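Structure first, commentary second.
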Amino acid sequence: MSTVVTGIGVVAPTGIGATAHWEAVLAGKSGIARIDRFDASGYPVRHAGQVPGFSARERIPGRLIPQTDHWTHLGLAAAADALADAALDPAGVPEFEMAVVTSSSSGGTEFGQHEMERLYQNGPSWVGAYQSIAWFYAATTGQISIRHGMRGPCGVLACEQAGGLDVLGQARRLIRGGSRVVVSGGTDASLCPYGLVAQLSAGGLSTVDDPARAYLPFDVEASGHLPGEGGAILIAESAESARERGVEAYGVIAGYAAGFDPPPDSDRPPVLKRTIDRALADAGVAPSEVDVVFADASGVPAADLIEARALVETFGPGSVPVTAPKTLTGRLYGGGAALDVATALLAMRAGVVPHTVGPERLAPGCDLDLVTRPRDADLRTALVLARGHGGFTAALVLRRP
């Protein structure tokens, strides 16, 4: 049973809505700017990707705003847009045939920080009752499920950047198990003092103060990445369901695999190459059939080299176009790979490989055909890669319908 994507909802630093996002990507219009959600002048990282012009009051039921975090606001808005894009009215689908599974990395970080401030400044009685649910990784899944009456299997995967692919693998399992519709993908929003400090501790953020030169994956000047907020929510359903409803699919979730890297002191190799091989085998796709790779593109030189070597071993030096539009948004953690999937689906429909803005000279060992200008192409098959802090690794193969 084929699983297809019929709806896309985007809330990203490149814009709100799939059309705005795609136009920004093609134009190379960056959503990276100086952080203005709080005073970041005292932090070593002062730039990030922030969703422009988002108003929770215009997109979210008023009663939910004080009960939920900004990350959930973004997820609710993207889910509503994705359902509308899929021309899917949840009221017309049996409630137990609709599932929700989303990706989250940090949960309700900003909400949790404000409640901790109240605790330490004023005492326990000042902590709101919604702290117990707003910070929780599954809050967005739960709120989407409640708002749209979706009572089928619901869950959340906390696999950092890889989670955006893992949830689509899970969505395919649920479709095969009898669910008719799965709301999937993910968003994240950890741009607050507490969230930024937590990200700094991981060691992957670039401290270069020029936003145009801070995130340069595969480049000789690569120094890490910049953070961002937002992501994408996707509607997955069976191909049969899409045909019955008379809607056109963006693409087919053809293959998926996940792995977990060994500890840093292990003599075992990273799992990315094996994960790619398994995803291609799951899709029944030969390496020569892949038309474009949407790279994880960590921006950390050692991690970039691992990814480049895995791609060269799989496809050969410079044998497949590789791109990383995420340099326009920063890494969005739980929302990042879902946004890459949305971008890949839009690219296949448009017949254009979007480019990677920033890199100018490839680092030694990165023998890739890195696309640095938009390139017209007949895109039938796309491979999307994602890795998360701590070893999470995932690969997803998309086919054009």
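Convention: chains lettered A, B, ... in structure tokens order; per-chain residue numbering from 1; ligands numbered from 1 as shown.
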
Inset, instruction - Compile the contact shell of range 189-191 of chain A as a ChimeraX atom specification: residues with an atom at most 6 Å away, counting only C-alpha atoms, same-chain residues fewer than 3 positions apart removed. - result: /A:71,109,195,229

Inset, instruction - Apply DSSP to the backbone of this structure and, from range 31-256 of chain A, keep only the residues in helix (DSSP H, G or I); write these as number ranges by chain. - result: A: 56-59, 62-67, 70-85, 90-92, 95-97, 109-122, 124-126, 131-134, 139-148, 160-176, 193-202, 239-245

Legend entry - Residue contacts of Leu332 in chain A (7 Å, only C-alpha atoms) excluding same-chain residues fewer than 4 positions away, as a list of chain:residue names: A:Asp188, A:Pro227, A:Gly228, A:Glu229, A:Gly230, A:Gly231, A:Gly336

Could those selected residues go to a file with all heavy atoms, as an mmCIF file, in the first residue's frame?
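Once written, result13.cif looks like this:
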```cif
data_model
loop_
_atom_site.group_PDB
_atom_site.id
_atom_site.type_symbol
_atom_site.label_atom_id
_atom_site.label_comp_id
_atom_site.auth_asym_id
_atom_site.auth_seq_id
_atom_site.Cartn_x
_atom_site.Cartn_y
_atom_site.Cartn_z
ATOM 1 N N ASP A 188 9.595 23.318 15.717
ATOM 2 C CA ASP A 188 10.367 23.543 16.936
ATOM 3 C C ASP A 188 10.516 25.037 17.142
ATOM 4 O O ASP A 188 10.412 25.821 16.190
ATOM 5 C CB ASP A 188 11.752 22.884 16.842
ATOM 6 C CG ASP A 188 12.028 21.954 18.017
ATOM 7 O OD1 ASP A 188 11.690 22.341 19.160
ATOM 8 O OD2 ASP A 188 12.556 20.852 17.804
ATOM 9 N N PRO A 227 20.885 28.302 14.684
ATOM 10 C CA PRO A 227 19.601 27.701 15.050
ATOM 11 C C PRO A 227 18.449 28.395 14.346
ATOM 12 O O PRO A 227 18.609 29.474 13.777
ATOM 13 C CB PRO A 227 19.536 27.939 16.563
ATOM 14 C CG PRO A 227 20.265 29.247 16.748
ATOM 15 C CD PRO A 227 21.367 29.239 15.717
ATOM 16 N N GLY A 228 17.287 27.768 14.408
ATOM 17 C CA GLY A 228 16.092 28.376 13.831
ATOM 18 C C GLY A 228 14.845 27.800 14.461
ATOM 19 O O GLY A 228 14.902 26.866 15.268
ATOM 20 N N GLU A 229 13.708 28.391 14.106
ATOM 21 C CA GLU A 229 12.419 27.921 14.604
ATOM 22 C C GLU A 229 11.499 27.648 13.421
ATOM 23 O O GLU A 229 11.718 28.129 12.316
ATOM 24 C CB GLU A 229 11.777 28.962 15.527
ATOM 25 C CG GLU A 229 11.405 30.262 14.808
ATOM 26 C CD GLU A 229 10.724 31.279 15.707
ATOM 27 O OE1 GLU A 229 10.682 31.074 16.918
ATOM 28 O OE2 GLU A 229 10.242 32.301 15.165
ATOM 29 N N GLY A 230 10.454 26.864 13.686
ATOM 30 C CA GLY A 230 9.482 26.568 12.646
ATOM 31 C C GLY A 230 9.599 25.141 12.141
ATOM 32 O O GLY A 230 10.141 24.267 12.817
ATOM 33 N N GLY A 231 9.089 24.897 10.935
ATOM 34 C CA GLY A 231 9.110 23.562 10.361
ATOM 35 C C GLY A 231 7.974 23.380 9.378
ATOM 36 O O GLY A 231 7.499 24.337 8.752
ATOM 37 N N GLY A 336 13.214 20.638 11.210
ATOM 38 C CA GLY A 336 14.103 20.839 10.080
ATOM 39 C C GLY A 336 13.952 19.827 8.960
ATOM 40 O O GLY A 336 13.839 20.187 7.789
#
```

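Among A:Pro401, A:Pro364, A:Pro217, A:Gly358, the residue with the shortest atom-to-atom distance to Ala254 in chain A, counting only C-alpha atoms, is A:Pro401.
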
Legend entry - In range 90-283 of chain A, DSSP strand (DSSP E) residues written as a ChimeraX atom specification: /A:98-103,154-157,181-188,230-238,251-260

Legend entry - Test item: residues at most 9 Å from range 339-344 of chain A, only C-alpha atoms, excluding those fewer than 6 positions along its chain, as a ChimeraX atom specification: /A:8-12,18,21-22,25,164-165,185-187,230-234,292-295,324-326,332,353-354,382-385,396,398

Legend entry - Selection: 10 Å around range 175-183 of chain A, only C-alpha atoms, excl. self and same-chain fewer than 3 positions, as a ChimeraX atom specification: /A:1-7,79,82-83,88,90,93-102,141,144-145,150,152-154,167-168,170-172,186,233-242

Legend entry - Who sits within 7 Å of range 211-214 of chain A, only C-alpha atoms, same chain under 2 positions skipped, as a VMD selection string: chain A and resid 32 to 33 47 206 208 to 209 216 223 225 to 226 358

Inset, instruction - Find, counting only C-alpha atoms, the residue in A:Leu305, A:Val300, A:Val252, A:Ile60 that gets nearest to Tyr215 in chain A. - result: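 Closest to Tyr215 in chain A of all the choices is A:Val300.
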
Inset, instruction - Return the single residue from A:Ile276, A:Val247, A:Leu205, A:Ala134 that is closest to Ala84 in chain A, with distances computed using only C-alpha atoms. - result: A:Val247

Legend entry - For Thr68 in chain A: contacts at 9 Å, only C-alpha atoms, fewer than 3 positions along chain excluded, given as JSON, numbers by chain: {"A": [64, 65, 71, 72, 73, 108, 111, 130, 131, 133, 134, 135, 139, 140, 143]}

Using only C-alpha atoms, please write the residues we just selected to a file, as an mmCIF file, in the first residue's frame.
```cif
data_model
loop_
_atom_site.group_PDB
_atom_site.id
_atom_site.type_symbol
_atom_site.label_atom_id
_atom_site.label_comp_id
_atom_site.auth_asym_id
_atom_site.auth_seq_id
_atom_site.Cartn_x
_atom_site.Cartn_y
_atom_site.Cartn_z
ATOM 1 C CA LEU A 64 -5.122 27.944 23.600
ATOM 2 C CA ILE A 65 -2.582 30.753 23.432
ATOM 3 C CA TRP A 71 6.280 25.768 19.186
ATOM 4 C CA THR A 72 2.741 24.394 19.466
ATOM 5 C CA HIS A 73 1.262 27.591 18.012
ATOM 6 C CA GLY A 108 7.858 23.941 25.078
ATOM 7 C CA PHE A 111 6.875 28.436 28.067
ATOM 8 C CA TYR A 130 -0.487 24.492 32.104
ATOM 9 C CA GLN A 131 3.243 24.113 32.771
ATOM 10 C CA ILE A 133 1.461 20.000 29.587
ATOM 11 C CA ALA A 134 2.770 22.971 27.573
ATOM 12 C CA TRP A 135 6.430 21.951 27.857
ATOM 13 C CA ALA A 139 1.839 18.783 23.409
ATOM 14 C CA THR A 140 1.632 19.657 19.714
ATOM 15 C CA GLN A 143 -3.439 19.786 20.557
#
```

Inset, instruction - Go through A:Val156, A:Leu119, A:Cys192, A:Leu328 and flag the residue nearest Tyr137 in chain A, using only C-alpha atoms for the distances. - result: A:Val156

Legend entry - Residue with smallest distance to Ala377 in chain A - pool A:Gly15, A:Gly123, A:Gly351, A:Gly149, counting only C-alpha atoms: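 With only C-alpha atoms as the atom set, the closest residue is A:Gly351.
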
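Shortest separation to Pro66 in chain A among A:His114, A:Arg309, A:Arg37, A:Arg46 occurs at residue A:His114, atoms counted being only C-alpha atoms.
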
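Take CA of Val320 in chain A and CA of Ala279 in chain A: the distance between them is 16.5 Å.
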
Inset, instruction - Calculate how many Å separate CA of Ala363 in chain A from CA of Leu311 in chain A, rounding to one decimal. - result: 14.7 Å

Legend entry - Straight-line distance linking CA of Gly330 in chain A with CA of Ala258 in chain A, stated in Å to one decimal: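 Between CA of Gly330 in chain A and CA of Ala258 in chain A the gap works out to 22.9 Å.
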